[in-house]
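So this one's structure17.pdb, PDB, C-alpha atoms, pLDDT in the B column:
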```pdb
ATOM      1  CA  MET A   1       0.000   0.000   0.000  1.00 45.00           C
ATOM      2  CA  GLN A   2       2.798   2.422   0.878  1.00 41.00           C
ATOM      3  CA  LYS A   3       4.524   1.758  -2.460  1.00 42.00           C
ATOM      4  CA  THR A   4       1.251   2.434  -4.301  1.00 41.00           C
ATOM      5  CA  ASN A   5       0.825   5.778  -2.509  1.00 42.00           C
ATOM      6  CA  ILE A   6       4.388   6.799  -3.385  1.00 40.00           C
ATOM      7  CA  GLU A   7       3.869   5.901  -7.045  1.00 42.00           C
ATOM      8  CA  LYS A   8       0.570   7.806  -7.107  1.00 47.00           C
ATOM      9  CA  GLU A   9       2.198  10.895  -5.591  1.00 51.00           C
ATOM     10  CA  SER A  10       5.141  10.792  -8.006  1.00 54.00           C
ATOM     11  CA  ALA A  11       2.668  10.885 -10.921  1.00 64.00           C
ATOM     12  CA  PHE A  12       1.660  14.366  -9.724  1.00 81.00           C
ATOM     13  CA  ARG A  13       5.226  15.660  -9.199  1.00 91.00           C
ATOM     14  CA  ILE A  14       7.369  17.677 -11.590  1.00 93.00           C
ATOM     15  CA  LEU A  15      10.285  15.439 -12.523  1.00 93.00           C
ATOM     16  CA  SER A  16      13.602  16.216 -14.169  1.00 93.00           C
ATOM     17  CA  HIS A  17      16.656  14.316 -15.317  1.00 94.00           C
ATOM     18  CA  ARG A  18      19.414  15.288 -12.899  1.00 91.00           C
ATOM     19  CA  GLU A  19      22.324  13.636 -11.175  1.00 87.00           C
ATOM     20  CA  GLY A  20      22.043  10.645 -13.469  1.00 89.00           C
ATOM     21  CA  SER A  21      18.394   9.739 -12.868  1.00 92.00           C
ATOM     22  CA  LEU A  22      14.785  10.912 -13.239  1.00 93.00           C
ATOM     23  CA  GLN A  23      13.645  12.360  -9.920  1.00 92.00           C
ATOM     24  CA  PRO A  24      11.659  15.225  -8.373  1.00 93.00           C
ATOM     25  CA  MET A  25      12.898  18.550  -9.688  1.00 92.00           C
ATOM     26  CA  PHE A  26      14.152  19.847  -6.324  1.00 92.00           C
ATOM     27  CA  ASP A  27      14.921  18.095  -3.061  1.00 90.00           C
ATOM     28  CA  ALA A  28      12.785  20.472  -0.993  1.00 92.00           C
ATOM     29  CA  THR A  29       9.190  19.314  -0.467  1.00 93.00           C
ATOM     30  CA  PRO A  30       6.555  21.490  -2.200  1.00 95.00           C
ATOM     31  CA  ILE A  31       4.524  23.827   0.010  1.00 95.00           C
ATOM     32  CA  GLY A  32       0.854  22.898   0.323  1.00 94.00           C
ATOM     33  CA  PRO A  33      -1.114  20.349  -1.697  1.00 93.00           C
ATOM     34  CA  LEU A  34      -0.149  19.038  -5.114  1.00 92.00           C
ATOM     35  CA  SER A  35      -2.211  19.899  -8.180  1.00 93.00           C
ATOM     36  CA  PRO A  36      -5.430  17.877  -8.566  1.00 91.00           C
ATOM     37  CA  SER A  37      -4.513  17.486 -12.232  1.00 89.00           C
ATOM     38  CA  SER A  38      -2.033  14.889 -13.471  1.00 87.00           C
ATOM     39  CA  SER A  39      -1.569  17.114 -16.519  1.00 89.00           C
ATOM     40  CA  LEU A  40      -0.826  20.653 -15.282  1.00 93.00           C
ATOM     41  CA  LEU A  41       1.625  20.119 -12.423  1.00 95.00           C
ATOM     42  CA  VAL A  42       2.153  22.924  -9.908  1.00 96.00           C
ATOM     43  CA  GLU A  43       4.716  23.133  -7.100  1.00 97.00           C
ATOM     44  CA  ARG A  44       5.433  26.085  -4.796  1.00 97.00           C
ATOM     45  CA  ARG A  45       8.715  26.288  -2.876  1.00 96.00           C
ATOM     46  CA  ASP A  46      10.887  28.617  -0.858  1.00 96.00           C
ATOM     47  CA  LEU A  47      14.389  27.470  -1.798  1.00 95.00           C
ATOM     48  CA  GLU A  48      17.638  28.114   0.026  1.00 94.00           C
ATOM     49  CA  PRO A  49      20.754  29.263  -1.915  1.00 94.00           C
ATOM     50  CA  THR A  50      22.314  26.550  -4.064  1.00 89.00           C
ATOM     51  CA  SER A  51      25.291  25.917  -6.298  1.00 86.00           C
ATOM     52  CA  TRP A  52      24.858  24.964  -9.931  1.00 89.00           C
ATOM     53  CA  GLN A  53      22.280  22.326 -10.835  1.00 90.00           C
ATOM     54  CA  SER A  54      21.703  20.762 -14.256  1.00 91.00           C
ATOM     55  CA  HIS A  55      18.185  19.744 -15.299  1.00 92.00           C
ATOM     56  CA  LEU A  56      16.436  18.331 -18.350  1.00 92.00           C
ATOM     57  CA  HIS A  57      12.622  18.376 -18.522  1.00 90.00           C
ATOM     58  CA  GLU A  58      10.411  16.377 -20.850  1.00 88.00           C
ATOM     59  CA  ASP A  59       7.799  19.173 -21.004  1.00 88.00           C
ATOM     60  CA  GLN A  60       7.744  22.970 -21.057  1.00 87.00           C
ATOM     61  CA  LEU A  61       8.330  24.500 -17.645  1.00 89.00           C
ATOM     62  CA  PHE A  62       7.847  27.943 -16.095  1.00 88.00           C
ATOM     63  CA  HIS A  63       9.464  29.111 -12.873  1.00 93.00           C
ATOM     64  CA  PHE A  64       7.223  31.972 -11.709  1.00 94.00           C
ATOM     65  CA  PHE A  65       8.859  34.212  -9.114  1.00 95.00           C
ATOM     66  CA  MET A  66       6.837  35.451  -6.178  1.00 95.00           C
ATOM     67  CA  GLU A  67       9.649  37.741  -4.962  1.00 94.00           C
ATOM     68  CA  PRO A  68      12.596  39.502  -6.692  1.00 95.00           C
ATOM     69  CA  ALA A  69      15.663  37.335  -7.298  1.00 94.00           C
ATOM     70  CA  VAL A  70      18.851  36.985  -9.325  1.00 94.00           C
ATOM     71  CA  ILE A  71      19.293  33.670 -11.123  1.00 92.00           C
ATOM     72  CA  GLY A  72      22.322  32.188 -12.808  1.00 91.00           C
ATOM     73  CA  PHE A  73      21.179  30.484 -16.005  1.00 87.00           C
ATOM     74  CA  SER A  74      22.647  28.845 -19.089  1.00 85.00           C
ATOM     75  CA  LEU A  75      21.616  26.297 -21.712  1.00 81.00           C
ATOM     76  CA  ARG A  76      24.000  23.344 -22.046  1.00 78.00           C
ATOM     77  CA  ASP A  77      27.552  24.720 -22.359  1.00 75.00           C
ATOM     78  CA  ALA A  78      26.499  28.241 -23.338  1.00 78.00           C
ATOM     79  CA  ALA A  79      27.754  31.335 -21.532  1.00 82.00           C
ATOM     80  CA  ILE A  80      26.310  31.891 -18.081  1.00 83.00           C
ATOM     81  CA  ALA A  81      23.910  34.794 -17.677  1.00 86.00           C
ATOM     82  CA  LYS A  82      22.906  36.471 -14.430  1.00 90.00           C
ATOM     83  CA  ILE A  83      19.207  37.142 -14.775  1.00 90.00           C
ATOM     84  CA  PRO A  84      17.426  39.596 -12.465  1.00 93.00           C
ATOM     85  CA  VAL A  85      13.720  38.835 -12.100  1.00 93.00           C
ATOM     86  CA  THR A  86      11.010  40.754 -10.291  1.00 94.00           C
ATOM     87  CA  ALA A  87       7.880  39.442  -8.611  1.00 94.00           C
ATOM     88  CA  GLY A  88       5.423  38.397 -11.316  1.00 93.00           C
ATOM     89  CA  GLN A  89       8.061  37.462 -13.896  1.00 93.00           C
ATOM     90  CA  ALA A  90       8.864  33.940 -15.057  1.00 90.00           C
ATOM     91  CA  VAL A  91      11.875  32.070 -16.384  1.00 87.00           C
ATOM     92  CA  PHE A  92      10.973  29.816 -19.316  1.00 84.00           C
ATOM     93  CA  CYS A  93      12.808  26.465 -19.354  1.00 83.00           C
ATOM     94  CA  PRO A  94      12.424  24.773 -22.757  1.00 76.00           C
ATOM     95  CA  ARG A  95      11.695  21.084 -22.992  1.00 81.00           C
ATOM     96  CA  ARG A  96      14.361  18.495 -23.735  1.00 86.00           C
ATOM     97  CA  GLU A  97      17.295  20.871 -23.368  1.00 86.00           C
ATOM     98  CA  TRP A  98      19.839  20.714 -20.569  1.00 88.00           C
ATOM     99  CA  HIS A  99      19.850  23.933 -18.591  1.00 87.00           C
ATOM    100  CA  ASN A 100      21.944  24.985 -15.626  1.00 89.00           C
ATOM    101  CA  ILE A 101      20.599  27.144 -12.779  1.00 91.00           C
ATOM    102  CA  SER A 102      21.846  28.574  -9.501  1.00 93.00           C
ATOM    103  CA  TRP A 103      20.891  31.278  -6.996  1.00 93.00           C
ATOM    104  CA  ARG A 104      22.825  32.868  -4.146  1.00 93.00           C
ATOM    105  CA  GLU A 105      19.900  34.068  -2.044  1.00 94.00           C
ATOM    106  CA  ARG A 106      16.670  32.437  -0.913  1.00 95.00           C
ATOM    107  CA  ILE A 107      14.014  32.408  -3.632  1.00 95.00           C
ATOM    108  CA  SER A 108      10.244  31.942  -3.610  1.00 96.00           C
ATOM    109  CA  VAL A 109       9.060  30.272  -6.804  1.00 96.00           C
ATOM    110  CA  LEU A 110       5.997  28.615  -8.319  1.00 96.00           C
ATOM    111  CA  SER A 111       6.971  25.913 -10.831  1.00 96.00           C
ATOM    112  CA  ILE A 112       4.438  24.945 -13.513  1.00 95.00           C
ATOM    113  CA  ARG A 113       4.787  22.088 -15.964  1.00 94.00           C
ATOM    114  CA  ILE A 114       2.715  22.498 -19.142  1.00 90.00           C
ATOM    115  CA  PRO A 115       2.335  19.136 -20.918  1.00 86.00           C
ATOM    116  CA  ASP A 116       2.759  18.524 -24.619  1.00 84.00           C
ATOM    117  CA  SER A 117      -0.832  17.267 -24.799  1.00 83.00           C
ATOM    118  CA  ALA A 118      -2.216  20.735 -23.945  1.00 84.00           C
ATOM    119  CA  LEU A 119       0.017  22.417 -26.524  1.00 82.00           C
ATOM    120  CA  VAL A 120      -0.842  19.962 -29.288  1.00 80.00           C
ATOM    121  CA  GLU A 121      -4.551  20.356 -28.508  1.00 78.00           C
ATOM    122  CA  ALA A 122      -4.275  24.139 -28.834  1.00 77.00           C
ATOM    123  CA  ALA A 123      -2.204  23.839 -32.014  1.00 78.00           C
ATOM    124  CA  ARG A 124      -4.857  21.739 -33.741  1.00 74.00           C
ATOM    125  CA  GLU A 125      -7.241  24.665 -33.512  1.00 68.00           C
ATOM    126  CA  ARG A 126      -4.878  27.565 -34.162  1.00 67.00           C
ATOM    127  CA  LEU A 127      -1.955  26.626 -36.423  1.00 68.00           C
ATOM    128  CA  THR A 128      -1.859  26.439 -40.193  1.00 64.00           C
ATOM    129  CA  GLU A 129       1.622  24.898 -40.038  1.00 58.00           C
ATOM    130  CA  ARG A 130       2.286  21.255 -39.181  1.00 54.00           C
ATOM    131  CA  SER A 131       4.732  21.797 -36.340  1.00 63.00           C
ATOM    132  CA  LEU A 132       5.418  23.872 -33.264  1.00 67.00           C
ATOM    133  CA  GLU A 133       8.710  25.597 -32.670  1.00 68.00           C
ATOM    134  CA  PHE A 134       8.937  27.523 -29.424  1.00 69.00           C
ATOM    135  CA  VAL A 135      11.521  30.238 -29.011  1.00 68.00           C
ATOM    136  CA  PRO A 136      12.528  30.344 -25.332  1.00 63.00           C
ATOM    137  CA  ARG A 137      13.126  33.600 -23.483  1.00 69.00           C
ATOM    138  CA  HIS A 138      15.117  33.828 -20.294  1.00 75.00           C
ATOM    139  CA  VAL A 139      12.623  36.166 -18.617  1.00 85.00           C
ATOM    140  CA  VAL A 140       8.962  36.391 -19.521  1.00 85.00           C
ATOM    141  CA  THR A 141       6.994  39.551 -18.735  1.00 86.00           C
ATOM    142  CA  ASP A 142       3.349  39.105 -19.666  1.00 87.00           C
ATOM    143  CA  ASP A 143       0.401  40.506 -17.701  1.00 90.00           C
ATOM    144  CA  ARG A 144      -1.878  37.698 -18.854  1.00 89.00           C
ATOM    145  CA  LEU A 145       0.573  35.064 -17.698  1.00 90.00           C
ATOM    146  CA  ALA A 146       1.199  36.813 -14.358  1.00 92.00           C
ATOM    147  CA  HIS A 147      -2.521  37.127 -13.561  1.00 92.00           C
ATOM    148  CA  LEU A 148      -3.158  33.465 -14.386  1.00 92.00           C
ATOM    149  CA  LEU A 149      -0.258  32.220 -12.278  1.00 94.00           C
ATOM    150  CA  PHE A 150      -1.042  34.452  -9.291  1.00 94.00           C
ATOM    151  CA  ALA A 151      -4.605  33.075  -9.443  1.00 94.00           C
ATOM    152  CA  LEU A 152      -3.234  29.542  -9.679  1.00 94.00           C
ATOM    153  CA  ASP A 153      -1.049  30.085  -6.607  1.00 96.00           C
ATOM    154  CA  ALA A 154      -4.004  31.534  -4.693  1.00 94.00           C
ATOM    155  CA  GLU A 155      -6.042  28.451  -5.594  1.00 94.00           C
ATOM    156  CA  ARG A 156      -3.163  26.224  -4.427  1.00 95.00           C
ATOM    157  CA  ALA A 157      -3.037  28.108  -1.106  1.00 95.00           C
ATOM    158  CA  ARG A 158      -6.772  27.380  -0.664  1.00 93.00           C
ATOM    159  CA  GLY A 159      -6.210  23.668  -1.191  1.00 94.00           C
ATOM    160  CA  TYR A 160      -7.614  23.688  -4.743  1.00 93.00           C
ATOM    161  CA  SER A 161     -11.077  24.186  -3.281  1.00 90.00           C
ATOM    162  CA  THR A 162     -12.705  24.725  -6.680  1.00 85.00           C
ATOM    163  CA  GLY A 163     -11.368  21.393  -7.944  1.00 84.00           C
ATOM    164  CA  LYS A 164      -9.824  20.117 -11.145  1.00 85.00           C
ATOM    165  CA  LEU A 165     -12.002  22.178 -13.491  1.00 85.00           C
ATOM    166  CA  PHE A 166     -10.294  25.428 -12.424  1.00 88.00           C
ATOM    167  CA  VAL A 167      -6.835  23.955 -13.061  1.00 90.00           C
ATOM    168  CA  ASP A 168      -7.915  22.565 -16.444  1.00 88.00           C
ATOM    169  CA  CYS A 169      -9.075  26.025 -17.550  1.00 86.00           C
ATOM    170  CA  ILE A 170      -5.757  27.570 -16.462  1.00 90.00           C
ATOM    171  CA  GLU A 171      -3.922  24.874 -18.417  1.00 90.00           C
ATOM    172  CA  SER A 172      -5.822  25.650 -21.634  1.00 86.00           C
ATOM    173  CA  ALA A 173      -5.231  29.384 -21.201  1.00 87.00           C
ATOM    174  CA  LEU A 174      -1.495  28.889 -20.576  1.00 89.00           C
ATOM    175  CA  ALA A 175      -1.165  26.640 -23.631  1.00 86.00           C
ATOM    176  CA  ASN A 176      -2.735  29.294 -25.829  1.00 83.00           C
ATOM    177  CA  ILE A 177      -0.497  32.028 -24.404  1.00 84.00           C
ATOM    178  CA  LEU A 178       2.532  29.893 -25.250  1.00 82.00           C
ATOM    179  CA  LEU A 179       1.155  29.300 -28.729  1.00 79.00           C
ATOM    180  CA  THR A 180       0.530  32.985 -29.436  1.00 78.00           C
ATOM    181  CA  SER A 181       3.592  34.480 -27.720  1.00 77.00           C
ATOM    182  CA  PHE A 182       6.417  31.954 -28.125  1.00 75.00           C
ATOM    183  CA  ASN A 183       5.752  30.036 -31.324  1.00 70.00           C
ATOM    184  CA  THR A 184       7.646  30.946 -34.500  1.00 67.00           C
ATOM    185  CA  PHE A 185       4.519  30.320 -36.612  1.00 62.00           C
ATOM    186  CA  ALA A 186       1.722  32.846 -36.258  1.00 58.00           C
ATOM    187  CA  PRO A 187      -1.555  31.194 -35.155  1.00 56.00           C
ATOM    188  CA  ARG A 188      -4.771  32.028 -36.919  1.00 54.00           C
ATOM    189  CA  SER A 189      -7.146  34.477 -35.274  1.00 53.00           C
ATOM    190  CA  ILE A 190     -10.253  33.307 -33.475  1.00 50.00           C
ATOM    191  CA  PRO A 191     -13.573  34.750 -34.753  1.00 49.00           C
ATOM    192  CA  GLY A 192     -15.572  36.711 -32.215  1.00 47.00           C
ATOM    193  CA  LYS A 193     -19.021  35.502 -33.194  1.00 45.00           C
ATOM    194  CA  GLY A 194     -20.898  32.264 -32.803  1.00 50.00           C
ATOM    195  CA  GLY A 195     -21.317  30.102 -29.731  1.00 59.00           C
ATOM    196  CA  MET A 196     -22.417  26.844 -28.231  1.00 63.00           C
ATOM    197  CA  ALA A 197     -25.874  25.737 -29.251  1.00 65.00           C
ATOM    198  CA  PRO A 198     -28.453  26.280 -26.447  1.00 65.00           C
ATOM    199  CA  ARG A 199     -29.350  22.577 -26.307  1.00 65.00           C
ATOM    200  CA  VAL A 200     -25.676  21.658 -25.940  1.00 64.00           C
ATOM    201  CA  LEU A 201     -25.220  24.242 -23.200  1.00 65.00           C
ATOM    202  CA  ARG A 202     -28.256  22.848 -21.354  1.00 68.00           C
ATOM    203  CA  ARG A 203     -26.780  19.347 -21.584  1.00 67.00           C
ATOM    204  CA  VAL A 204     -23.490  20.545 -20.100  1.00 65.00           C
ATOM    205  CA  VAL A 205     -25.239  22.400 -17.252  1.00 65.00           C
ATOM    206  CA  GLU A 206     -27.368  19.354 -16.464  1.00 66.00           C
ATOM    207  CA  PHE A 207     -24.240  17.202 -16.439  1.00 65.00           C
ATOM    208  CA  MET A 208     -22.577  19.565 -13.969  1.00 67.00           C
ATOM    209  CA  HIS A 209     -25.602  19.555 -11.654  1.00 66.00           C
ATOM    210  CA  ALA A 210     -25.746  15.755 -11.758  1.00 70.00           C
ATOM    211  CA  ASN A 211     -22.058  15.443 -10.845  1.00 72.00           C
ATOM    212  CA  MET A 212     -21.610  18.167  -8.252  1.00 69.00           C
ATOM    213  CA  ASP A 213     -20.178  15.639  -5.784  1.00 68.00           C
ATOM    214  CA  LYS A 214     -17.421  14.525  -8.192  1.00 69.00           C
ATOM    215  CA  GLN A 215     -14.156  15.961  -9.528  1.00 72.00           C
ATOM    216  CA  ILE A 216     -15.221  17.223 -12.960  1.00 70.00           C
ATOM    217  CA  GLY A 217     -12.541  18.191 -15.447  1.00 70.00           C
ATOM    218  CA  LEU A 218     -12.698  20.399 -18.534  1.00 67.00           C
ATOM    219  CA  ARG A 219     -12.367  17.338 -20.744  1.00 70.00           C
ATOM    220  CA  ASP A 220     -15.433  15.784 -19.062  1.00 73.00           C
ATOM    221  CA  LEU A 221     -17.491  18.824 -20.036  1.00 69.00           C
ATOM    222  CA  ALA A 222     -16.065  18.819 -23.564  1.00 70.00           C
ATOM    223  CA  ASN A 223     -16.999  15.162 -23.970  1.00 70.00           C
ATOM    224  CA  CYS A 224     -20.503  15.904 -22.709  1.00 67.00           C
ATOM    225  CA  ALA A 225     -20.832  18.672 -25.301  1.00 66.00           C
ATOM    226  CA  GLY A 226     -19.432  16.450 -28.051  1.00 69.00           C
ATOM    227  CA  LEU A 227     -16.597  18.901 -28.726  1.00 67.00           C
ATOM    228  CA  SER A 228     -12.834  18.720 -28.667  1.00 64.00           C
ATOM    229  CA  LEU A 229     -11.178  20.219 -25.607  1.00 64.00           C
ATOM    230  CA  SER A 230     -10.073  23.367 -27.445  1.00 61.00           C
ATOM    231  CA  HIS A 231     -13.425  23.732 -29.222  1.00 62.00           C
ATOM    232  CA  PHE A 232     -15.188  23.645 -25.885  1.00 63.00           C
ATOM    233  CA  PHE A 233     -12.732  26.028 -24.215  1.00 60.00           C
ATOM    234  CA  PHE A 234     -13.084  28.666 -26.919  1.00 57.00           C
ATOM    235  CA  SER A 235     -16.846  28.197 -27.129  1.00 60.00           C
ATOM    236  CA  VAL A 236     -17.137  29.048 -23.443  1.00 58.00           C
ATOM    237  CA  SER A 237     -14.416  31.708 -23.144  1.00 56.00           C
ATOM    238  CA  ARG A 238     -15.069  33.500 -26.451  1.00 51.00           C
ATOM    239  CA  LYS A 239     -18.698  32.447 -27.052  1.00 47.00           C
ATOM    240  CA  HIS A 240     -18.048  30.936 -30.445  1.00 42.00           C
ATOM    241  CA  LYS A 241     -17.594  27.568 -32.021  1.00 40.00           C
ATOM    242  CA  PRO A 242     -14.393  27.355 -34.147  1.00 40.00           C
ATOM    243  CA  GLU A 243     -14.264  25.523 -37.429  1.00 39.00           C
ATOM    244  CA  PRO A 244     -12.949  21.942 -37.254  1.00 35.00           C
ATOM    245  CA  PRO A 245      -9.138  21.724 -37.480  1.00 35.00           C
ATOM    246  CA  SER A 246      -7.644  20.893 -40.861  1.00 31.00           C
ATOM    247  CA  ILE A 247      -4.090  20.110 -39.755  1.00 27.00           C
ATOM    248  CA  HIS A 248      -2.299  17.757 -37.406  1.00 31.00           C
ATOM    249  CA  ALA A 249       0.181  19.266 -34.957  1.00 31.00           C
ATOM    250  CA  SER A 250       3.327  17.348 -34.123  1.00 33.00           C
ATOM    251  CA  ALA A 251       5.218  17.352 -30.844  1.00 37.00           C
ATOM    252  CA  PRO A 252       6.266  20.837 -29.687  1.00 38.00           C
ATOM    253  CA  HIS A 253       9.686  22.515 -29.773  1.00 40.00           C
ATOM    254  CA  ARG A 254      11.558  22.086 -33.013  1.00 39.00           C
ATOM    255  CA  ALA A 255       9.452  19.129 -34.057  1.00 36.00           C
ATOM    256  CA  LYS A 256       9.512  18.445 -37.765  1.00 34.00           C
TER     257      LYS A 256
END
```
Translate this file's structure into structure tokens.
Amino acid sequence: MQKTNIEKESAFRILSHREGSLQPMFDATPIGPLSPSSSLLVERRDLEPTSWQSHLHEDQLFHFFMEPAVIGFSLRDAAIAKIPVTAGQAVFCPRREWHNISWRERISVLSIRIPDSALVEAARERLTERSLEFVPRHVVTDDRLAHLLFALDAERARGYSTGKLFVDCIESALANILLTSFNTFAPRSIPGKGGMAPRVLRRVVEFMHANMDKQIGLRDLANCAGLSLSHFFFSVSRKHKPEPPSIHASAPHRAK
């Protein structure tokens, strides 16, 4: 039983390749509960000063800083840069690239892993190209991103009281910000008109009422509506129903 609990917990942890094995990203235990989603992983930590660490992540990762800090950062064997960050800024760590980090003073950081599945789902709706190619930036300053991640941290501090649906919506929003702000291919615009059919909306509302005692995710609602995850997300957030996708997106970051 204990082994099963450990395996279940590790499925909800942000992992990285470091020190010769795949293990939790940092040794320090995350503050508060883990994300209710096995997709969008969220970990908050106050970390003591450390020497250089090398990490490789399988998915895109943001380190969102809650307080000002100065970070040493480099990709692989590239020149080391000292990066000053303020509260509300993030460092973007690209997937499948070795990066080195260090800090000389205590830092307070929210780490967020955005899975490939969320990015591919968004790309199916938005891209006219067949691949994603993200251009990483050391420091990300984006009001939309900051507001979403502050809200995510507030939800974490409340024990994820609103459940998995809130986290799923944040995940979809973050994936679309990455797609529109970091991808080398310009995504197509989303029309402002149209919406979910009233009968479909009624079916979704009835489903929610019937399952109030359960952990409902965004994908559950999309399945109830008979829409893809991105179709449903945009139908609700922008009150329109996008046209069906005509392309297939491959794995993100320099995928051919």
List every protein, DNA or RNA residue that has an atom no more than 7 Å from (4.5, 20.6, -20.7) in the file's coordinate frame, counting only C-alpha atoms, and report them as number ranges by chain.
-> A: 59-61, 113-116
Dump as JSON lines the rows for residues of stretch 95-187 of chain A within 7 Å of stretch 29-43 of chain A: closest atom pair and distance in Å with one decimal, only C-alpha atoms counted, ordered by chain and rising residue number.
```
{"residue": "A:Leu110", "atom": "CA", "partner": "A:Glu43", "partner_atom": "CA", "distance": 5.8}
{"residue": "A:Ser111", "atom": "CA", "partner": "A:Glu43", "partner_atom": "CA", "distance": 5.2}
{"residue": "A:Ile112", "atom": "CA", "partner": "A:Val42", "partner_atom": "CA", "distance": 4.7}
{"residue": "A:Arg113", "atom": "CA", "partner": "A:Leu41", "partner_atom": "CA", "distance": 5.1}
{"residue": "A:Ile114", "atom": "CA", "partner": "A:Leu40", "partner_atom": "CA", "distance": 5.6}
{"residue": "A:Pro115", "atom": "CA", "partner": "A:Ser39", "partner_atom": "CA", "distance": 6.2}
{"residue": "A:Arg156", "atom": "CA", "partner": "A:Pro33", "partner_atom": "CA", "distance": 6.8}
{"residue": "A:Ala157", "atom": "CA", "partner": "A:Gly32", "partner_atom": "CA", "distance": 6.7}
{"residue": "A:Gly159", "atom": "CA", "partner": "A:Pro33", "partner_atom": "CA", "distance": 6.1}
{"residue": "A:Gly163", "atom": "CA", "partner": "A:Pro36", "partner_atom": "CA", "distance": 6.9}
{"residue": "A:Lys164", "atom": "CA", "partner": "A:Pro36", "partner_atom": "CA", "distance": 5.6}
{"residue": "A:Val167", "atom": "CA", "partner": "A:Ser37", "partner_atom": "CA", "distance": 6.9}
{"residue": "A:Glu171", "atom": "CA", "partner": "A:Leu40", "partner_atom": "CA", "distance": 6.1}
```
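We find atom CA of A:Trp52 and atom CA of A:Phe182 to be spaced 26.8 Å apart.
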Ground truth for the PyMOL selection byres ((chain A and resi 53) around 7), written as a ChimeraX atom specification | /A:51-52,54-55,100-102
Please list as a PDB file with C-alpha atoms, keeping the file's coordinate frame every residue within 7 Å of A:Leu165, counting all atoms listed in the file and excluding residues in the same chain fewer than 2 positions away.
```pdb
ATOM      1  CA  GLY A 163     -11.368  21.393  -7.944  1.00 84.00           C
ATOM      2  CA  VAL A 167      -6.835  23.955 -13.061  1.00 90.00           C
ATOM      3  CA  ASP A 168      -7.915  22.565 -16.444  1.00 88.00           C
ATOM      4  CA  CYS A 169      -9.075  26.025 -17.550  1.00 86.00           C
ATOM      5  CA  ILE A 216     -15.221  17.223 -12.960  1.00 70.00           C
ATOM      6  CA  GLY A 217     -12.541  18.191 -15.447  1.00 70.00           C
ATOM      7  CA  LEU A 218     -12.698  20.399 -18.534  1.00 67.00           C
TER       8      LEU A 218
END
```
So how many Å separate atom CA of A:His17 and atom CA of A:Arg96, to one decimal?
-> 9.7 Å
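Across the structure, atom CA of A:Ile177 and atom CA of A:Phe26 are spaced 26.3 Å apart.
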Counting all atoms listed in the file, the option among A:Asp153, A:Asn176, A:Leu75, A:Thr86 closest to A:Ala123 = A:Asn176
Resolved residues for the PyMOL selection byres ((chain A and resi 69) around 7) as number ranges by chain = A: 67-68, 70-71, 84-86, 107
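Nearest residue to A:Ile170, choosing from A:Lys82, A:Arg106, A:Arg95, A:Arg144 and counting only C-alpha atoms: A:Arg144.
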